[in-house]
>>> print(open('data-v1.cif').read())   # mmCIF, C-alpha atoms
data_run
#
loop_
_atom_site.label_atom_id
_atom_site.label_comp_id
_atom_site.auth_asym_id
_atom_site.auth_seq_id
_atom_site.Cartn_x
_atom_site.Cartn_y
_atom_site.Cartn_z
CA MET Z 5 72.48 72.86 117.60
CA ALA Z 6 70.26 74.99 115.40
CA GLN Z 7 69.39 73.39 112.10
CA LYS Z 8 70.77 75.27 109.15
CA THR Z 9 67.84 74.53 106.93
CA GLY Z 10 64.97 74.61 109.41
CA ASP Z 11 62.03 72.29 109.09
CA ARG Z 12 60.28 73.78 106.09
CA ASP Z 13 60.06 72.02 102.79
CA ARG Z 14 62.23 73.67 100.14
CA CYS Z 15 61.61 74.74 96.62
CA ALA Z 16 65.12 74.29 95.21
CA THR Z 17 65.41 77.05 92.64
CA GLY Z 18 67.78 75.00 90.48
CA LEU Z 19 70.19 77.93 90.44
CA GLU Z 20 73.08 76.25 92.24
CA GLY Z 21 74.58 79.38 93.74
CA LEU Z 22 71.27 80.75 94.94
CA ASP Z 23 70.30 77.44 96.52
CA THR Z 24 73.60 77.47 98.39
CA ILE Z 25 72.92 81.02 99.61
CA LEU Z 26 69.47 79.88 100.78
CA TYR Z 27 70.71 76.64 102.36
CA GLY Z 28 68.70 74.53 99.94
CA GLY Z 29 66.18 76.80 98.29
CA ILE Z 30 63.20 79.04 98.92
CA PRO Z 31 60.92 77.73 101.69
CA ARG Z 32 58.00 76.28 99.75
CA SER Z 33 54.95 78.51 99.31
CA ASN Z 34 56.90 81.67 100.15
CA THR Z 35 56.30 84.82 98.11
CA VAL Z 36 59.60 86.44 97.19
CA LEU Z 37 60.18 89.95 95.91
CA LEU Z 38 62.95 89.83 93.30
CA THR Z 39 63.85 93.47 92.99
CA GLY Z 40 66.36 95.68 91.23
CA SER Z 41 66.90 98.29 88.60
CA CYS Z 42 66.77 97.63 84.88
CA GLY Z 43 69.41 95.42 83.27
CA THR Z 44 70.29 93.54 86.44
CA GLY Z 45 69.02 90.14 85.26
CA LYS Z 46 65.75 89.84 87.20
CA THR Z 47 63.66 88.43 84.37
CA SER Z 48 66.37 85.96 83.34
CA LEU Z 49 66.73 84.71 86.89
CA ALA Z 50 62.96 84.40 87.34
CA LEU Z 51 62.62 82.51 84.05
CA GLU Z 52 65.41 80.15 84.98
CA PHE Z 53 63.63 79.42 88.27
CA LEU Z 54 60.53 78.41 86.31
CA ILE Z 55 62.41 76.36 83.70
CA HIS Z 56 64.18 74.34 86.41
CA GLY Z 57 60.82 73.79 88.07
CA ALA Z 58 59.21 72.62 84.83
CA ILE Z 59 62.13 70.25 84.17
CA LYS Z 60 61.58 68.77 87.64
CA GLY Z 61 57.92 68.25 86.80
CA GLU Z 62 56.56 71.20 88.78
CA ASN Z 63 54.01 73.12 86.73
CA SER Z 64 55.27 76.64 86.29
CA LEU Z 65 53.45 79.82 85.30
CA PHE Z 66 54.91 83.10 84.06
CA VAL Z 67 52.56 86.06 84.25
CA SER Z 68 53.99 88.69 81.97
CA VAL Z 69 52.88 92.24 82.59
CA THR Z 70 55.38 94.46 80.85
CA GLU Z 71 56.49 92.43 77.88
CA ASN Z 72 54.65 90.26 75.39
CA SER Z 73 55.60 86.66 76.20
CA ASP Z 74 56.45 85.83 72.57
CA LYS Z 75 59.00 88.63 72.56
CA LEU Z 76 60.25 87.49 75.95
CA LEU Z 77 60.94 84.01 74.60
CA GLN Z 78 62.73 85.43 71.56
CA ASN Z 79 65.13 87.22 73.88
CA LEU Z 80 65.59 84.27 76.20
CA ILE Z 81 69.21 83.25 76.87
CA PRO Z 82 69.92 80.10 74.84
CA TYR Z 83 70.01 77.85 77.89
CA ASP Z 84 71.54 74.41 77.37
CA PHE Z 85 68.81 72.91 79.52
CA PHE Z 86 65.79 74.64 78.01
CA ASP Z 87 63.56 72.63 75.74
CA ARG Z 88 60.50 74.17 74.09
CA SER Z 89 58.63 70.94 74.68
CA LEU Z 90 58.21 72.18 78.26
CA ILE Z 91 55.88 74.82 76.83
CA LYS Z 92 54.11 72.43 74.47
CA SER Z 93 53.49 69.95 77.28
CA GLY Z 94 52.03 72.69 79.48
CA LYS Z 95 54.69 72.33 82.17
CA LEU Z 96 55.71 75.91 81.50
CA VAL Z 97 52.88 78.33 80.75
CA PHE Z 98 53.11 82.00 79.76
CA VAL Z 99 50.19 84.36 80.28
CA ASP Z 100 50.08 88.01 79.28
CA LEU Z 101 48.34 90.03 81.98
CA PRO Z 102 47.16 92.80 79.62
CA ILE Z 103 45.09 90.14 77.81
CA MET Z 104 43.70 89.02 81.17
CA TYR Z 105 42.79 92.64 82.00
CA GLU Z 106 40.95 92.87 78.70
CA ARG Z 107 39.03 89.64 79.21
CA LEU Z 108 38.05 90.73 82.71
CA GLY Z 109 36.90 94.10 81.35
CA MET Z 110 39.49 96.04 83.36
CA THR Z 111 39.95 98.88 80.96
CA LYS Z 112 40.22 101.80 83.39
CA PRO Z 113 43.66 103.10 84.41
CA GLU Z 114 42.91 102.40 88.10
CA LEU Z 115 41.45 99.17 89.46
CA SER Z 116 38.65 99.25 92.04
CA MET Z 117 38.62 97.00 95.12
CA GLU Z 118 36.13 94.72 93.35
CA GLU Z 119 38.42 94.46 90.35
CA ILE Z 120 41.35 93.61 92.63
CA ASP Z 121 39.27 90.73 94.03
CA LEU Z 122 38.55 89.65 90.49
CA LEU Z 123 42.20 89.84 89.45
CA VAL Z 124 43.42 87.84 92.46
CA ALA Z 125 40.72 85.26 91.79
CA ALA Z 126 41.67 85.08 88.11
CA ILE Z 127 45.41 84.58 88.74
CA SER Z 128 44.99 82.15 91.61
CA GLY Z 129 42.19 80.37 89.74
CA LEU Z 130 44.47 79.87 86.77
CA ALA Z 131 47.27 78.66 89.04
CA LYS Z 132 44.87 76.20 90.64
CA GLU Z 133 43.56 74.97 87.31
CA LEU Z 134 47.09 74.42 86.00
CA GLY Z 135 48.34 72.87 89.23
CA THR Z 136 51.02 75.55 89.40
CA LYS Z 137 53.82 75.04 91.90
CA ARG Z 138 56.01 77.93 90.74
CA LEU Z 139 54.75 81.30 89.64
CA VAL Z 140 56.39 84.52 88.52
CA VAL Z 141 54.70 87.90 88.07
CA ASP Z 142 56.92 90.18 85.97
CA SER Z 143 56.56 92.83 87.09
CA ILE Z 144 54.49 93.44 90.20
CA THR Z 145 55.48 97.11 89.93
CA SER Z 146 53.54 97.42 86.67
CA VAL Z 147 50.49 95.90 88.36
CA CYS Z 148 50.90 98.34 91.25
CA TYR Z 149 50.70 101.28 88.84
CA LYS Z 150 47.09 100.27 88.22
CA LEU Z 151 46.37 100.09 91.94
CA LYS Z 152 47.67 103.56 92.81
CA THR Z 153 47.21 103.59 96.61
CA SER Z 154 49.29 101.82 99.24
CA GLU Z 155 46.15 100.26 100.71
CA LYS Z 156 45.16 98.67 97.42
CA ILE Z 157 48.71 97.46 96.74
CA ARG Z 158 48.94 95.94 100.21
CA ASP Z 159 45.55 94.32 99.80
CA PHE Z 160 46.36 92.91 96.36
CA ILE Z 161 49.74 91.45 97.28
CA LEU Z 162 48.50 90.05 100.59
CA ARG Z 163 45.56 88.34 98.98
CA LEU Z 164 47.51 87.03 96.03
CA SER Z 165 50.28 85.70 98.31
CA LYS Z 166 47.73 84.00 100.55
CA ALA Z 167 45.91 82.42 97.63
CA LEU Z 168 49.14 81.12 96.07
CA SER Z 169 50.50 79.95 99.40
CA ASP Z 170 47.29 77.97 99.96
CA LEU Z 171 48.03 76.22 96.66
CA ASN Z 172 51.53 75.36 97.98
CA CYS Z 173 52.88 77.51 95.17
CA THR Z 174 56.23 79.29 95.50
CA SER Z 175 56.08 82.71 93.89
CA ILE Z 176 58.46 85.35 92.69
CA LEU Z 177 57.17 88.87 92.24
CA VAL Z 178 59.57 90.88 90.12
CA GLY Z 179 59.93 94.45 91.34
CA GLU Z 180 61.49 97.41 89.61
CA VAL Z 181 63.29 100.22 91.38
CA ALA Z 182 65.25 103.20 90.12
CA ALA Z 183 69.02 102.71 89.89
CA ASP Z 184 69.62 105.23 92.68
CA SER Z 185 66.84 103.95 94.94
CA THR Z 186 67.61 103.15 98.55
CA SER Z 187 64.31 101.31 98.90
CA TYR Z 188 63.62 97.72 97.84
CA SER Z 189 60.37 98.58 96.06
CA SER Z 190 58.77 101.41 94.13
CA PHE Z 191 55.79 101.82 96.44
CA GLY Z 192 57.43 100.83 99.73
CA VAL Z 193 54.69 98.30 100.40
CA GLU Z 194 55.79 95.24 98.42
CA GLU Z 195 58.95 94.69 100.47
CA ALA Z 196 57.11 94.64 103.77
CA ILE Z 197 54.62 92.01 102.66
CA ALA Z 198 56.91 89.61 100.81
CA ASP Z 199 58.35 86.63 102.70
CA GLY Z 200 61.66 87.20 101.04
CA ILE Z 201 63.64 89.88 99.23
CA ILE Z 202 66.33 89.18 96.67
CA LEU Z 203 68.05 92.35 95.55
CA MET Z 204 69.78 92.54 92.19
CA ALA Z 205 71.88 95.54 91.31
CA ASN Z 206 74.51 97.05 89.08
CA MET Z 207 77.48 97.90 91.26
CA GLU Z 208 80.14 100.26 90.04
CA ARG Z 209 83.69 99.65 91.24
CA ARG Z 210 86.54 101.70 89.81
CA GLY Z 211 84.59 102.20 86.59
CA ASP Z 212 83.60 98.54 86.22
CA LEU Z 213 79.93 97.64 86.33
CA LEU Z 214 79.25 94.37 88.12
CA ARG Z 215 75.89 92.60 88.32
CA THR Z 216 75.26 91.69 91.95
CA LEU Z 217 72.75 89.64 93.93
CA GLN Z 218 72.04 89.75 97.65
CA VAL Z 219 69.38 88.01 99.70
CA ILE Z 220 68.07 90.64 102.08
CA LYS Z 221 65.50 88.53 103.87
CA MET Z 222 63.91 85.11 103.58
CA ARG Z 223 61.38 83.96 106.10
CA GLY Z 224 61.65 80.33 107.16
CA THR Z 225 65.33 79.83 106.55
CA MET Z 226 68.79 80.99 107.40
CA HIS Z 227 70.60 82.53 104.47
CA SER Z 228 73.76 84.30 103.48
CA ARG Z 229 73.48 88.08 103.53
CA ALA Z 230 76.65 88.61 101.52
CA LYS Z 231 76.77 90.21 98.10
CA TYR Z 232 77.55 88.01 95.10
CA VAL Z 233 78.54 88.82 91.53
CA LEU Z 234 76.58 87.01 88.85
CA ASP Z 235 76.81 86.13 85.21
CA LEU Z 236 73.95 85.09 82.94
CA THR Z 237 75.23 82.18 80.88
CA PRO Z 238 73.82 79.36 78.75
CA VAL Z 239 74.42 77.01 81.69
CA GLY Z 240 72.33 79.33 83.87
CA VAL Z 241 73.05 82.02 86.42
CA LEU Z 242 76.50 81.64 87.92
CA LEU Z 243 77.47 83.34 91.17
CA VAL Z 244 80.75 84.10 92.92
CA PRO Z 245 81.34 86.11 96.10
CA LEU Z 246 82.01 89.80 95.65
CA LEU Z 247 85.68 90.40 96.42
CA LYS Z 248 86.19 92.86 99.23
CA GLY Z 249 89.89 93.44 98.70
CA GLY Z 250 90.45 94.47 102.29
CA SER Z 251 88.02 97.38 101.92
CA THR Z 252 86.27 98.62 105.01
CA GLY Z 253 83.49 100.45 103.17
CA MET C 10 116.83 75.81 84.06
CA VAL C 11 113.98 73.31 83.86
CA SER C 12 113.07 71.92 80.45
CA ALA C 13 109.59 71.53 78.96
CA GLN C 14 109.80 67.78 79.59
CA GLN C 15 110.74 68.32 83.24
CA ILE C 16 107.86 70.77 83.74
CA ALA C 17 105.42 68.23 82.28
CA LYS C 18 106.92 65.45 84.40
CA GLU C 19 106.60 67.45 87.62
CA LEU C 20 102.99 68.36 86.81
CA SER C 21 102.17 64.74 85.97
CA GLU C 22 103.32 63.68 89.40
CA MET C 23 100.73 65.93 91.03
CA PRO C 24 97.20 64.66 91.67
CA PRO C 25 94.17 66.47 90.16
CA SER C 26 93.00 69.40 92.31
CA SER C 27 96.63 70.45 92.81
CA ALA C 28 97.68 74.07 92.58
CA VAL C 29 101.19 74.71 91.27
CA SER C 30 103.15 77.92 91.05
CA LEU C 31 105.41 78.09 88.05
CA GLN C 32 108.08 80.73 88.35
CA MET C 33 109.64 81.44 85.01
CA SER C 34 111.88 83.84 83.24
CA VAL C 35 110.62 85.86 80.29
CA ASP C 36 113.24 83.99 78.20
CA ASN C 37 111.75 80.68 79.17
CA TYR C 38 108.14 81.35 78.18
CA LEU C 39 108.08 79.07 75.13
CA ASP C 40 109.47 76.09 77.05
CA VAL C 41 106.91 76.65 79.78
CA ILE C 42 104.03 76.80 77.28
CA ARG C 43 105.22 73.62 75.59
CA GLY C 44 105.64 71.83 78.90
CA VAL C 45 102.31 72.88 80.40
CA VAL C 46 99.95 72.92 77.42
CA ASP C 47 101.44 70.35 75.07
CA LEU C 48 103.43 67.81 77.03
CA PHE C 49 101.18 67.88 80.10
CA ALA C 50 97.57 68.84 79.24
CA ASN C 51 97.32 67.74 75.60
CA LYS C 52 99.11 64.49 76.32
CA LYS C 53 96.62 63.73 79.07
CA GLU C 54 93.74 64.77 76.76
CA MET C 55 92.53 67.41 79.19
CA ASP C 56 91.01 70.76 78.36
CA THR C 57 93.10 73.80 79.20
CA ILE C 58 91.42 76.97 80.37
CA TYR C 59 94.03 79.61 79.73
CA VAL C 60 93.55 82.90 81.55
CA THR C 61 95.63 85.49 79.82
CA ALA C 62 96.32 88.89 81.34
CA THR C 63 99.75 89.43 79.81
CA ILE C 64 99.35 89.17 76.06
CA SER C 65 96.19 88.73 74.02
CA SER C 66 94.75 85.31 73.30
CA ASP C 67 95.32 85.69 69.56
CA ALA C 68 99.03 86.30 70.22
CA ILE C 69 99.22 83.16 72.37
CA ARG C 70 97.33 81.27 69.70
CA ARG C 71 100.00 82.32 67.22
CA VAL C 72 102.69 81.13 69.65
CA LEU C 73 100.99 77.73 69.92
CA GLU C 74 100.74 77.55 66.16
CA ALA C 75 104.41 78.42 65.74
CA LEU C 76 105.32 75.72 68.25
CA ASP C 77 103.07 73.29 66.39
CA ILE C 78 100.96 72.73 69.51
CA ASP C 79 97.38 71.55 69.05
CA ALA C 80 95.09 74.32 70.40
CA SER C 81 91.79 72.49 69.94
CA ARG C 82 91.54 71.79 73.68
CA VAL C 83 92.63 75.27 74.75
CA TYR C 84 89.93 77.73 75.87
CA PHE C 85 91.00 81.29 76.54
CA VAL C 86 89.70 83.71 79.13
CA ASP C 87 91.20 86.85 77.67
CA CYS C 88 91.40 89.76 80.14
CA ILE C 89 93.53 92.01 78.02
CA SER C 90 92.15 92.24 74.47
CA HIS C 91 89.13 94.34 75.43
CA ILE C 92 91.21 97.08 77.02
CA MET C 93 93.53 97.09 73.99
CA MET C 94 90.65 98.81 72.15
CA GLY C 95 90.99 97.12 68.78
CA ALA C 96 94.74 96.52 68.90
CA SER C 97 94.02 92.84 69.40
CA SER C 98 92.14 90.79 66.83
CA ALA C 99 90.79 88.39 69.47
CA GLN C 100 87.07 87.82 69.05
CA GLN C 101 84.56 86.17 71.32
CA ASP C 102 84.07 82.62 70.05
CA GLU C 103 83.77 79.07 71.30
CA HIS C 104 87.45 79.07 72.27
CA THR C 105 87.75 82.67 73.45
CA THR C 106 85.88 84.48 76.19
CA LEU C 107 86.67 88.12 76.69
CA VAL C 108 86.64 89.77 80.10
CA GLU C 109 86.30 93.53 79.88
CA SER C 110 89.15 94.32 82.20
CA PRO C 111 91.71 92.52 84.39
CA THR C 112 90.19 94.43 87.29
CA MET C 113 86.97 92.43 86.93
CA LEU C 114 88.32 89.48 88.87
CA GLU C 115 84.86 88.18 89.76
CA ASN C 116 83.95 88.04 86.08
CA LEU C 117 87.19 86.23 85.40
CA MET C 118 86.19 83.60 88.00
CA LEU C 119 82.71 83.36 86.47
CA LYS C 120 84.11 82.75 82.99
CA VAL C 121 86.46 80.05 84.31
CA GLU C 122 83.51 78.46 86.12
CA TYR C 123 81.45 78.57 82.94
CA LEU C 124 84.19 76.89 80.89
CA ILE C 125 84.75 74.27 83.59
CA ARG C 126 81.06 73.40 83.42
CA ARG C 127 81.15 73.28 79.65
CA SER C 128 84.24 71.11 79.49
CA GLU C 129 83.66 67.48 78.71
CA SER C 130 87.19 66.29 79.50
CA LYS C 131 87.62 64.26 82.67
CA ASP C 132 90.51 66.35 83.97
CA LYS C 133 90.91 70.07 83.47
CA LEU C 134 93.78 72.48 83.70
CA VAL C 135 93.47 76.17 84.51
CA VAL C 136 96.48 78.35 83.71
CA ILE C 137 96.82 81.87 85.11
CA ASP C 138 99.21 83.84 82.91
CA SER C 139 100.32 85.69 84.92
CA ILE C 140 99.81 86.79 88.48
CA ASN C 141 102.24 89.66 87.85
CA SER C 142 100.10 91.06 85.06
CA LEU C 143 97.02 90.85 87.26
CA ALA C 144 99.00 92.64 89.96
CA ILE C 145 99.48 95.63 87.66
CA HIS C 146 95.71 96.21 87.72
CA ASN C 147 94.77 94.99 91.21
CA ASN C 148 96.06 95.55 94.72
CA ASN C 149 97.53 92.68 96.70
CA TRP C 150 94.54 92.43 99.05
CA ILE C 151 92.00 91.79 96.34
CA LEU C 152 94.39 89.61 94.35
CA SER C 153 95.09 87.45 97.36
CA GLU C 154 91.36 87.05 98.02
CA PHE C 155 90.78 86.24 94.36
CA LEU C 156 93.46 83.54 94.30
CA HIS C 157 92.15 81.96 97.48
CA ILE C 158 88.57 81.75 96.20
CA LEU C 159 89.55 80.68 92.68
CA VAL C 160 91.99 77.95 93.74
CA SER C 161 89.62 76.62 96.44
CA GLY C 162 86.83 76.41 93.88
CA LEU C 163 89.04 74.67 91.33
CA ARG C 164 90.24 72.18 93.93
CA SER C 165 86.65 71.24 94.69
CA ARG C 166 86.19 70.55 90.98
CA ASP C 167 89.33 68.42 90.77
CA ALA C 168 90.95 70.80 88.31
CA TYR C 169 94.68 71.47 88.13
CA THR C 170 95.70 75.09 88.61
CA VAL C 171 99.01 76.42 87.35
CA ILE C 172 99.88 80.01 88.25
CA PHE C 173 102.63 81.68 86.26
CA THR C 174 104.88 84.17 88.00
CA VAL C 175 107.48 86.04 86.03
CA GLU C 176 110.77 86.14 87.90
CA GLU C 177 111.84 89.53 86.58
CA HIS C 178 108.57 91.21 87.57
CA SER C 179 107.76 89.51 90.82
CA THR C 180 107.95 90.80 94.37
CA PRO C 181 108.22 88.95 97.70
CA GLU C 182 104.57 89.88 98.42
CA ILE C 183 103.36 88.31 95.19
CA ASN C 184 105.49 85.22 95.69
CA ASN C 185 104.11 84.79 99.21
CA MET C 186 100.56 85.24 97.96
CA VAL C 187 101.02 82.51 95.38
CA SER C 188 102.83 80.08 97.64
CA LEU C 189 100.03 80.43 100.18
CA VAL C 190 97.51 78.82 97.82
CA CYS C 191 99.82 76.40 95.99
CA ASP C 192 100.89 72.88 96.95
CA HIS C 193 104.00 72.83 94.83
CA GLY C 194 106.38 75.19 93.08
CA ILE C 195 108.32 74.71 89.87
CA LEU C 196 111.25 76.98 89.18
CA ALA C 197 111.80 77.52 85.50
CA GLY C 198 114.10 80.50 85.81
CA LYS C 199 116.75 82.06 83.67
CA LYS C 200 119.10 80.05 81.55
CA GLU C 201 122.46 79.63 83.23
CA GLY C 202 125.60 81.23 81.85
#
>>> encode(input="data-v1.cif", output="structure tokens")
Amino acid sequence: MAQKTGDRDRCATGLEGLDTILYGGIPRSNTVLLTGSCGTGKTSLALEFLIHGAIKGENSLFVSVTENSDKLLQNLIPYDFFDRSLIKSGKLVFVDLPIMYERLGMTKPELSMEEIDLLVAAISGLAKELGTKRLVVDSITSVCYKLKTSEKIRDFILRLSKALSDLNCTSILVGEVAADSTSYSSFGVEEAIADGIILMANMERRGDLLRTLQVIKMRGTMHSRAKYVLDLTPVGVLLVPLLKGGSTG
Amino acid sequence: MVSAQQIAKELSEMPPSSAVSLQMSVDNYLDVIRGVVDLFANKKEMDTIYVTATISSDAIRRVLEALDIDASRVYFVDCISHIMMGASSAQQDEHTTLVESPTMLENLMLKVEYLIRRSESKDKLVVIDSINSLAIHNNNWILSEFLHILVSGLRSRDAYTVIFTVEEHSTPEINNMVSLVCDHGILAGKKEG
């Protein structure tokens, strides 16, 4: 009989519903694209993944690209399980990528191939130095805007994924897509390279807007492909199956 | 007609994780509330998660107050106040969670799940008041699916579920839907005579 969970070691996300969907968690060292339009809960979910990791003693790193990390923390859901001592102890580290760009002298709107090498080395070097086992880049789409071409984006994500995977680090790259997009990524490259895709969306049903989550792919494990409705609460992300109501559509 | 004491007695004989349908008459609402919330749940010191789709949570709160029933262990999931657009004074607070619309059945389940996780009492009771009101806003297919998922989830958490059906407003389809997920039925119908 085929094993449900496969042989790979798991990085249990700590989000009970998601771990159930993934039969135990994300296969360790996978790079997952967490994608969706604005207001779907991507950043909250990614942060919760890191907080649970830090609580378990896994060093966790949040690379913030679009939002200043201080502001991000101010807007954080008041989780029952979050303790700021995780930050003080260095278990949970926030880094603002724009500051990293500045320090690396990357001031031009488009990065060269050499600068991409430098950026990958800087992120993976930091992850290595901190002993990072969970990493989030929020958002990879914003990084891609500085890479411009598909070749550069492919190269950057491939190299970053490889470097983080070599560190046995499980990563989530947050992607942004337009609300009406039929693609899983803005540049069409990110989704092909990632080991997994988790799609978050706002689904309208008879005038109601529901936040949904669906695992589209996840290398190294079986997983549910059904759509779930989620709620962001102080006890964390909660998920229930989307009701079909006998619909055939 | 079944009295409040009899309702509480019948519920007390059921093990946790039981699902019970409670068919009542509109006239019998106060006895049912007393039996379920006061004589059963409060007496057993269990938290009640009260899903209201019929009247607003503040109206039920007033009923509890009038009946001199302690509401400190009652947590409302109010599916009706939001669509009343200001006609209800129910506000989101520690004891009240508002769901935008009774059509958002998944959100209703999520709020119940949240309150179950928050509850510190050993046993928990979830009251659905009522399936007939939910049926006004949802078709039988989706309602049936909702009940199945909700009750299965509550069973796995050892919570009691009591589903109110209102005799005067019920249909054979709704009664079948409820009996399919329930282990026991209590008839608290119209007063005789």
>>> resolve_selection(input="data-v1.cif", expression="the PyMOL selection byres ((chain C) within 9 of (chain Z))", output="ChimeraX atom specification")
/C:109-110,112-116,118-120,122-123,126-127,148-155,158
>>> residues_around(input="data-v1.cif", residues="Leu108 of chain Z", least_positions_apart="3", cutoff="10 Å", atoms="all atoms listed in the file", output="ChimeraX atom specification")
/Z:102-105,111,119,122-123,126
>>> atom_distance(input="data-v1.cif", atom1="atom CA of Glu180 of chain Z", atom2="atom CA of Thr39 of chain Z")
5.7 Å
>>> resolve_selection(input="data-v1.cif", expression="the PyMOL selection byres ((chain Z and resi 130-145) around 8)", output="PyMOL selection string")
chain Z and resi 47+50-51+54+57+62-70+126-129+146-149+168+171-180+189-190
>>> residues_near_point(input="data-v1.cif", point="(101.7, 69.6, 90.6)", cutoff="10 Å", atoms="all atoms listed in the file", output="list in words")
Ile16, Ala17, Lys18, Glu19, Leu20, Ser21, Glu22, Met23, Pro24, Pro25, Ser26, Ser27, Ala28, Val29, Ser30, Leu31, Tyr169, Thr170, Val171, Cys191, Asp192, His193, Gly194 and Ile195 of chain C
>>> atom_distance(input="data-v1.cif", atom1="atom CA of Lys46 of chain Z", atom2="atom CA of Ile202 of chain Z")
9.5 Å
>>> resolve_selection(input="data-v1.cif", expression="the PyMOL selection byres ((chain C and resi 81-93) around 9)", output="MDAnalysis selection string")
chainID C and resid 46 50:51 54:67 79:80 94:100 103:113 117 120:121 124
>>> write_last_selection(input="data-v1.cif", atoms="C-alpha atoms", output="JSON list (two decimals), keeping the file's coordinate frame")
[["chain", "number", "residue", "atom", "x", "y", "z"],
["C", 46, "VAL", "CA", 99.95, 72.92, 77.42],
["C", 50, "ALA", "CA", 97.57, 68.84, 79.24],
["C", 51, "ASN", "CA", 97.32, 67.74, 75.60],
["C", 54, "GLU", "CA", 93.74, 64.77, 76.76],
["C", 55, "MET", "CA", 92.53, 67.41, 79.19],
["C", 56, "ASP", "CA", 91.01, 70.76, 78.36],
["C", 57, "THR", "CA", 93.10, 73.80, 79.20],
["C", 58, "ILE", "CA", 91.42, 76.97, 80.37],
["C", 59, "TYR", "CA", 94.03, 79.61, 79.73],
["C", 60, "VAL", "CA", 93.55, 82.90, 81.55],
["C", 61, "THR", "CA", 95.63, 85.49, 79.82],
["C", 62, "ALA", "CA", 96.32, 88.89, 81.34],
["C", 63, "THR", "CA", 99.75, 89.43, 79.81],
["C", 64, "ILE", "CA", 99.35, 89.17, 76.06],
["C", 65, "SER", "CA", 96.19, 88.73, 74.02],
["C", 66, "SER", "CA", 94.75, 85.31, 73.30],
["C", 67, "ASP", "CA", 95.32, 85.69, 69.56],
["C", 79, "ASP", "CA", 97.38, 71.55, 69.05],
["C", 80, "ALA", "CA", 95.09, 74.32, 70.40],
["C", 94, "MET", "CA", 90.65, 98.81, 72.15],
["C", 95, "GLY", "CA", 90.99, 97.12, 68.78],
["C", 96, "ALA", "CA", 94.74, 96.52, 68.90],
["C", 97, "SER", "CA", 94.02, 92.84, 69.40],
["C", 98, "SER", "CA", 92.14, 90.79, 66.83],
["C", 99, "ALA", "CA", 90.79, 88.39, 69.47],
["C", 100, "GLN", "CA", 87.07, 87.82, 69.05],
["C", 103, "GLU", "CA", 83.77, 79.07, 71.30],
["C", 104, "HIS", "CA", 87.45, 79.07, 72.27],
["C", 105, "THR", "CA", 87.75, 82.67, 73.45],
["C", 106, "THR", "CA", 85.88, 84.48, 76.19],
["C", 107, "LEU", "CA", 86.67, 88.12, 76.69],
["C", 108, "VAL", "CA", 86.64, 89.77, 80.10],
["C", 109, "GLU", "CA", 86.30, 93.53, 79.88],
["C", 110, "SER", "CA", 89.15, 94.32, 82.20],
["C", 111, "PRO", "CA", 91.71, 92.52, 84.39],
["C", 112, "THR", "CA", 90.19, 94.43, 87.29],
["C", 113, "MET", "CA", 86.97, 92.43, 86.93],
["C", 117, "LEU", "CA", 87.19, 86.23, 85.40],
["C", 120, "LYS", "CA", 84.11, 82.75, 82.99],
["C", 121, "VAL", "CA", 86.46, 80.05, 84.31],
["C", 124, "LEU", "CA", 84.19, 76.89, 80.89]]
>>> residues_around(input="data-v1.cif", residues="Met226 of chain Z", least_positions_apart="2", cutoff="12 Å", atoms="all atoms listed in the file", output="list in words")
Ala6, Gln7, Lys8, Thr9, Gly10, Asp11, Arg12, Asp23, Thr24, Ile25, Leu26, Tyr27, Gly28, Gly29, Ile30, Pro31, Gly200, Val219, Ile220, Lys221, Met222, Arg223, Gly224, Ser228 and Arg229 of chain Z
>>> atom_distance(input="data-v1.cif", atom1="atom CA of Ala75 of chain C", atom2="atom CA of Ser130 of chain C")
25.2 Å
>>> closest_residue(input="data-v1.cif", among="C:Lys53, C:Gln101, C:Thr174, C:His146", to="Lys133 of chain C", atoms="all atoms listed in the file")
C:Lys53
>>> residues_around(input="data-v1.cif", residues="Val35 of chain C", least_positions_apart="6", cutoff="10 Å", atoms="only C-alpha atoms", output="PyMOL selection string")
chain C and resi 41+174-178+197-199
>>> decode(input="data-v1.cif", residues="segment 72-78 of chain C", atoms="N, CA and C atoms", output="PDB file, in the first residue's frame")
ATOM      1  N   VAL C  72     -33.694  37.776  26.853  1.00  0.00           N
ATOM      2  CA  VAL C  72     -34.548  36.653  27.277  1.00  0.00           C
ATOM      3  C   VAL C  72     -33.905  35.944  28.469  1.00  0.00           C
ATOM      4  N   LEU C  73     -32.614  35.684  28.368  1.00  0.00           N
ATOM      5  CA  LEU C  73     -31.900  34.996  29.461  1.00  0.00           C
ATOM      6  C   LEU C  73     -31.977  35.817  30.748  1.00  0.00           C
ATOM      7  N   GLU C  74     -31.815  37.113  30.575  1.00  0.00           N
ATOM      8  CA  GLU C  74     -31.867  38.014  31.732  1.00  0.00           C
ATOM      9  C   GLU C  74     -33.260  37.968  32.378  1.00  0.00           C
ATOM     10  N   ALA C  75     -34.278  38.012  31.516  1.00  0.00           N
ATOM     11  CA  ALA C  75     -35.653  37.991  32.026  1.00  0.00           C
ATOM     12  C   ALA C  75     -35.955  36.683  32.757  1.00  0.00           C
ATOM     13  N   LEU C  76     -35.328  35.609  32.265  1.00  0.00           N
ATOM     14  CA  LEU C  76     -35.555  34.302  32.896  1.00  0.00           C
ATOM     15  C   LEU C  76     -34.605  34.078  34.074  1.00  0.00           C
ATOM     16  N   ASP C  77     -33.782  35.090  34.332  1.00  0.00           N
ATOM     17  CA  ASP C  77     -32.815  35.016  35.429  1.00  0.00           C
ATOM     18  C   ASP C  77     -31.830  33.859  35.229  1.00  0.00           C
ATOM     19  N   ILE C  78     -31.393  33.712  33.981  1.00  0.00           N
ATOM     20  CA  ILE C  78     -30.427  32.652  33.648  1.00  0.00           C
ATOM     21  C   ILE C  78     -29.042  33.286  33.507  1.00  0.00           C
TER      22      ILE C  78
END
